[in-house]
Amino acid sequence: MRNISGETRNQCEEWGSGDGLSCKIRYIYEEESGVYWCEFGGGGASSMVVNISVSGGSVILQSPVLPVMEGHDLTLSCQSRPLLQPSAAFYKDGSLIRTEPTGHMTLQHVSRSDEGLYKCHIRGHGESPSSWISVSERPTEAPPPASAPPPLVLRVCLHLVVISPFIISTLLLVSLCPQRASGSDPSVSMVMTQHSHAEQGLADDYDDIITSVTTEHQF
């Protein structure tokens, strides 16, 4: 489909040759400049249109037909008849951008502010028709999916693994404390027993000495 000179929605079969998937114009003329798009049998249309400018003059501006994505480079070429590579001045919305000696101009990392009407001029040959340059927004990247929280059973097991050493050490301390409080010290008991036996032996030896001395004295 196209919209030219006020004529809208003309099908390809009326001005070109098509096979249902493409449309070809063998000889195109200046008056066929306009907006072109495609439609489907169910009534759907393409999401973008193409602005085609046909020049009958000696200078033309070669520019991208489809919109340029934000952040990409845009290259424009100014050509004349006969095909030469002379110096060319490039304009946007009627204002001079710069002059390129090779006839090619590249805008790096374009943004939405670069959208507009462009044309070029070659001294001694004339000026090209204006061409509309569209800049499309960069598609936003979908955020990464959030990781699912661990199951409840796994979280409980992790908590048990962390706190189990503290629980075990606490239980051991509680079980050992009553035994130490109620039991006697075996080392003290053994020392006291050894002292008792030693004292008893000394007492017996003293009694034997006294008895022996008394017996000798009586004799």
# chains A, B, ... in the order shown; residues from 1 in each chain; ligands from 1
$ residues_around --residues "Ser136 (chain A)" --least-positions-apart "3" --cutoff "7 Å" --atoms "only C-alpha atoms" --output "list of chain:residue names"
A:Pro67, A:Val68, A:Met69, A:Glu70
$ closest_atom_pairs --of "region 97-157 of chain A" --to "region 26-40 of chain A" --cutoff "12 Å" --atoms "only C-alpha atoms" --output "tab-separated table"
residue	atom	partner	partner_atom	distance
A:Pro129	CA	A:Glu30	CA	10.3
A:Ser130	CA	A:Ser33	CA	11.1
A:Ser131	CA	A:Ser33	CA	10.3
A:Trp132	CA	A:Val35	CA	10.7
$ write_last_selection --atoms "N, CA, C and O atoms" --output "tab-separated table (two decimals), in the first residue's frame"
chain	number	residue	atom	x	y	z
A	129	PRO	N	16.32	16.56	-2.83
A	129	PRO	CA	15.07	16.65	-2.06
A	129	PRO	C	15.31	16.23	-0.61
A	129	PRO	O	16.23	15.48	-0.29
A	130	SER	N	14.46	16.70	0.27
A	130	SER	CA	14.58	16.36	1.70
A	130	SER	C	14.05	14.96	1.95
A	130	SER	O	13.08	14.52	1.33
A	131	SER	N	14.72	14.27	2.85
A	131	SER	CA	14.32	12.90	3.24
A	131	SER	C	14.15	12.88	4.75
A	131	SER	O	15.00	13.40	5.49
A	132	TRP	N	13.08	12.25	5.18
A	132	TRP	CA	12.81	12.15	6.62
A	132	TRP	C	13.56	10.95	7.21
A	132	TRP	O	13.44	9.84	6.70
$ atom_distance --atom1 "CA of Gln79 (chain A)" --atom2 "CA of Gly116 (chain A)"
20.0 Å
$ residues_around --residues "Leu83 (chain A)" --least-positions-apart "5" --cutoff "12 Å" --atoms "only C-alpha atoms" --output "VMD selection string"
chain A and resid 58 to 60 77 to 78 103 125
$ atom_distance --atom1 "CA of Glu137 (chain A)" --atom2 "CA of Asp114 (chain A)"
12.0 Å
$ select_by_dssp --residues "region 43-103 of chain A" --states "strand (DSSP E)" --output "PyMOL selection string"
chain A and resi 50-52+59-62+68-69+74-80+88-92+95-100
$ closest_residue --among "A:Ser134, A:Thr106, A:Asn3, A:Ser63" --to "Lys119 (chain A)" --atoms "only C-alpha atoms"
A:Ser63
$ atom_distance --atom1 "CA of Ala45 (chain A)" --atom2 "CA of Leu74 (chain A)"
26.6 Å
$ residues_around --residues "Trp15 (chain A)" --least-positions-apart "3" --cutoff "9 Å" --atoms "only C-alpha atoms" --output "ChimeraX atom specification"
/A:10-12,24-25
$ write_last_selection --atoms "all heavy atoms" --output "compact mmCIF listing (two decimals), in the first residue's frame"
# COMPACT_ATOMS: atom_id res chain seq x y z
N ASN A 10 -3.60 2.61 -2.25
CA ASN A 10 -3.56 1.97 -3.56
C ASN A 10 -2.77 0.68 -3.44
O ASN A 10 -1.66 0.65 -2.90
CB ASN A 10 -2.88 2.88 -4.60
CG ASN A 10 -3.71 4.11 -4.91
OD1 ASN A 10 -4.93 4.04 -4.95
ND2 ASN A 10 -3.05 5.23 -5.11
N GLN A 11 -3.31 -0.40 -3.98
CA GLN A 11 -2.66 -1.69 -3.86
C GLN A 11 -1.54 -1.83 -4.89
O GLN A 11 -1.51 -1.14 -5.91
CB GLN A 11 -3.69 -2.81 -4.06
CG GLN A 11 -4.76 -2.83 -2.99
CD GLN A 11 -5.69 -4.01 -3.13
OE1 GLN A 11 -5.46 -4.89 -3.94
NE2 GLN A 11 -6.73 -4.03 -2.31
N CYS A 12 -0.63 -2.74 -4.60
CA CYS A 12 0.57 -2.90 -5.42
C CYS A 12 0.22 -3.23 -6.87
O CYS A 12 0.92 -2.78 -7.79
CB CYS A 12 1.45 -4.00 -4.82
SG CYS A 12 2.93 -4.40 -5.78
N LYS A 24 7.33 -4.78 -6.45
CA LYS A 24 8.43 -4.21 -7.22
C LYS A 24 7.90 -3.13 -8.16
O LYS A 24 6.90 -3.32 -8.85
CB LYS A 24 9.13 -5.29 -8.03
CG LYS A 24 10.24 -4.75 -8.93
CD LYS A 24 10.85 -5.83 -9.80
CE LYS A 24 11.70 -6.77 -8.98
NZ LYS A 24 12.44 -7.72 -9.89
N ILE A 25 8.64 -2.00 -8.12
CA ILE A 25 8.37 -0.91 -9.08
C ILE A 25 9.53 -0.88 -10.07
O ILE A 25 10.66 -0.60 -9.69
CB ILE A 25 8.23 0.44 -8.36
CG1 ILE A 25 7.14 0.37 -7.28
CG2 ILE A 25 7.90 1.54 -9.35
CD1 ILE A 25 7.03 1.63 -6.46
$ select_by_dssp --residues "region 40-189 of chain A" --states "alpha helix (DSSP H)" --output "number ranges by chain"
A: 152-182, 186-189
$ write_last_selection --atoms "N, CA, C and O atoms" --output "short mmCIF file (atom, residue, chain, number, x, y, z; two decimals), in the first residue's frame"
data_model
loop_
_atom_site.label_atom_id
_atom_site.label_comp_id
_atom_site.auth_asym_id
_atom_site.auth_seq_id
_atom_site.Cartn_x
_atom_site.Cartn_y
_atom_site.Cartn_z
N LEU A 152 10.37 -24.34 52.55
CA LEU A 152 10.32 -24.21 54.00
C LEU A 152 11.13 -25.30 54.68
O LEU A 152 11.85 -25.05 55.67
N VAL A 153 11.06 -26.52 54.15
CA VAL A 153 11.78 -27.63 54.78
C VAL A 153 13.29 -27.39 54.72
O VAL A 153 14.02 -27.61 55.69
N LEU A 154 13.76 -26.86 53.58
CA LEU A 154 15.19 -26.60 53.44
C LEU A 154 15.64 -25.51 54.39
O LEU A 154 16.71 -25.60 55.01
N ARG A 155 14.80 -24.48 54.56
CA ARG A 155 15.18 -23.42 55.48
C ARG A 155 15.24 -23.91 56.91
O ARG A 155 16.13 -23.53 57.68
N VAL A 156 14.28 -24.76 57.30
CA VAL A 156 14.29 -25.32 58.66
C VAL A 156 15.55 -26.16 58.88
O VAL A 156 16.20 -26.08 59.93
N CYS A 157 15.91 -26.97 57.88
CA CYS A 157 17.12 -27.80 58.01
C CYS A 157 18.37 -26.93 58.14
O CYS A 157 19.26 -27.24 58.95
N LEU A 158 18.43 -25.85 57.39
CA LEU A 158 19.59 -24.97 57.50
C LEU A 158 19.69 -24.35 58.88
O LEU A 158 20.78 -24.24 59.46
N HIS A 159 18.54 -23.93 59.44
CA HIS A 159 18.55 -23.36 60.79
C HIS A 159 19.00 -24.40 61.82
O HIS A 159 19.76 -24.08 62.75
N LEU A 160 18.53 -25.64 61.65
CA LEU A 160 18.92 -26.68 62.60
C LEU A 160 20.42 -26.96 62.52
O LEU A 160 21.08 -27.18 63.55
N VAL A 161 20.96 -26.96 61.32
CA VAL A 161 22.40 -27.21 61.17
C VAL A 161 23.21 -26.12 61.86
O VAL A 161 24.26 -26.36 62.46
N VAL A 162 22.71 -24.89 61.80
CA VAL A 162 23.44 -23.77 62.38
C VAL A 162 23.39 -23.80 63.91
O VAL A 162 24.40 -23.59 64.60
N ILE A 163 22.21 -24.09 64.49
CA ILE A 163 22.07 -23.96 65.95
C ILE A 163 22.29 -25.28 66.68
O ILE A 163 22.37 -25.27 67.91
N SER A 164 22.41 -26.41 65.98
CA SER A 164 22.57 -27.69 66.68
C SER A 164 23.84 -27.75 67.53
O SER A 164 23.81 -28.29 68.64
N PRO A 165 25.02 -27.21 67.10
CA PRO A 165 26.18 -27.27 67.99
C PRO A 165 25.96 -26.56 69.31
O PRO A 165 26.41 -27.03 70.36
N PHE A 166 25.26 -25.45 69.28
CA PHE A 166 25.01 -24.73 70.53
C PHE A 166 24.07 -25.53 71.44
O PHE A 166 24.24 -25.54 72.66
N ILE A 167 23.08 -26.17 70.86
CA ILE A 167 22.16 -26.96 71.68
C ILE A 167 22.88 -28.14 72.32
O ILE A 167 22.71 -28.42 73.52
N ILE A 168 23.74 -28.82 71.56
CA ILE A 168 24.46 -29.99 72.09
C ILE A 168 25.40 -29.57 73.21
O ILE A 168 25.46 -30.19 74.27
N SER A 169 26.17 -28.47 73.01
CA SER A 169 27.09 -28.04 74.06
C SER A 169 26.35 -27.60 75.30
O SER A 169 26.79 -27.85 76.43
N THR A 170 25.19 -26.97 75.15
CA THR A 170 24.41 -26.56 76.32
C THR A 170 23.91 -27.77 77.09
O THR A 170 23.96 -27.80 78.34
N LEU A 171 23.44 -28.79 76.41
CA LEU A 171 22.95 -30.00 77.08
C LEU A 171 24.08 -30.72 77.81
O LEU A 171 23.89 -31.23 78.94
N LEU A 172 25.28 -30.76 77.22
CA LEU A 172 26.42 -31.39 77.89
C LEU A 172 26.79 -30.66 79.17
O LEU A 172 27.06 -31.27 80.21
N LEU A 173 26.81 -29.34 79.12
CA LEU A 173 27.14 -28.57 80.31
C LEU A 173 26.11 -28.77 81.41
O LEU A 173 26.45 -28.91 82.59
N VAL A 174 24.84 -28.79 81.03
CA VAL A 174 23.77 -29.00 82.04
C VAL A 174 23.87 -30.38 82.66
O VAL A 174 23.65 -30.57 83.86
N SER A 175 24.24 -31.40 81.88
CA SER A 175 24.32 -32.76 82.42
C SER A 175 25.54 -32.96 83.30
O SER A 175 25.53 -33.78 84.22
N LEU A 176 26.62 -32.25 83.08
CA LEU A 176 27.84 -32.41 83.87
C LEU A 176 27.81 -31.62 85.16
O LEU A 176 28.42 -32.03 86.16
N CYS A 177 27.15 -30.52 85.22
CA CYS A 177 27.14 -29.68 86.43
C CYS A 177 26.55 -30.38 87.65
O CYS A 177 27.13 -30.33 88.74
N PRO A 178 25.42 -31.08 87.63
CA PRO A 178 24.89 -31.75 88.84
C PRO A 178 25.84 -32.82 89.37
O PRO A 178 25.97 -33.00 90.57
N GLN A 179 26.52 -33.56 88.49
CA GLN A 179 27.44 -34.61 88.94
C GLN A 179 28.58 -34.01 89.73
O GLN A 179 28.98 -34.52 90.77
N ARG A 180 29.11 -32.91 89.32
CA ARG A 180 30.22 -32.29 90.04
C ARG A 180 29.74 -31.70 91.36
O ARG A 180 30.47 -31.68 92.34
N ALA A 181 28.50 -31.22 91.39
CA ALA A 181 28.01 -30.64 92.64
C ALA A 181 27.72 -31.69 93.68
O ALA A 181 27.95 -31.50 94.88
N SER A 182 27.19 -32.88 93.33
CA SER A 182 26.79 -33.92 94.29
C SER A 182 27.94 -34.88 94.61
O SER A 182 28.04 -35.41 95.71
N PRO A 186 37.67 -37.51 94.53
CA PRO A 186 38.38 -38.75 94.87
C PRO A 186 39.80 -38.48 95.32
O PRO A 186 40.34 -39.18 96.13
N SER A 187 40.43 -37.44 94.79
CA SER A 187 41.81 -37.16 95.19
C SER A 187 41.88 -36.77 96.66
O SER A 187 42.75 -37.21 97.41
N VAL A 188 40.91 -35.96 97.11
CA VAL A 188 40.89 -35.57 98.53
C VAL A 188 40.61 -36.76 99.41
O VAL A 188 41.19 -36.95 100.48
N SER A 189 39.70 -37.65 98.99
CA SER A 189 39.37 -38.84 99.77
C SER A 189 40.58 -39.74 99.93
O SER A 189 40.84 -40.28 101.00
#
$ residues_around --residues "Arg123 (chain A)" --least-positions-apart "2" --cutoff "10 Å" --atoms "only C-alpha atoms" --output "list in words"
Pro86, Ser87, Ala88, Ala89, His121, His125, Gly126 and Glu127 of chain A
$ closest_residue --among "A:Leu61, A:Pro101, A:Pro82, A:Arg2" --to "Leu117 (chain A)" --atoms "only C-alpha atoms"
A:Leu61
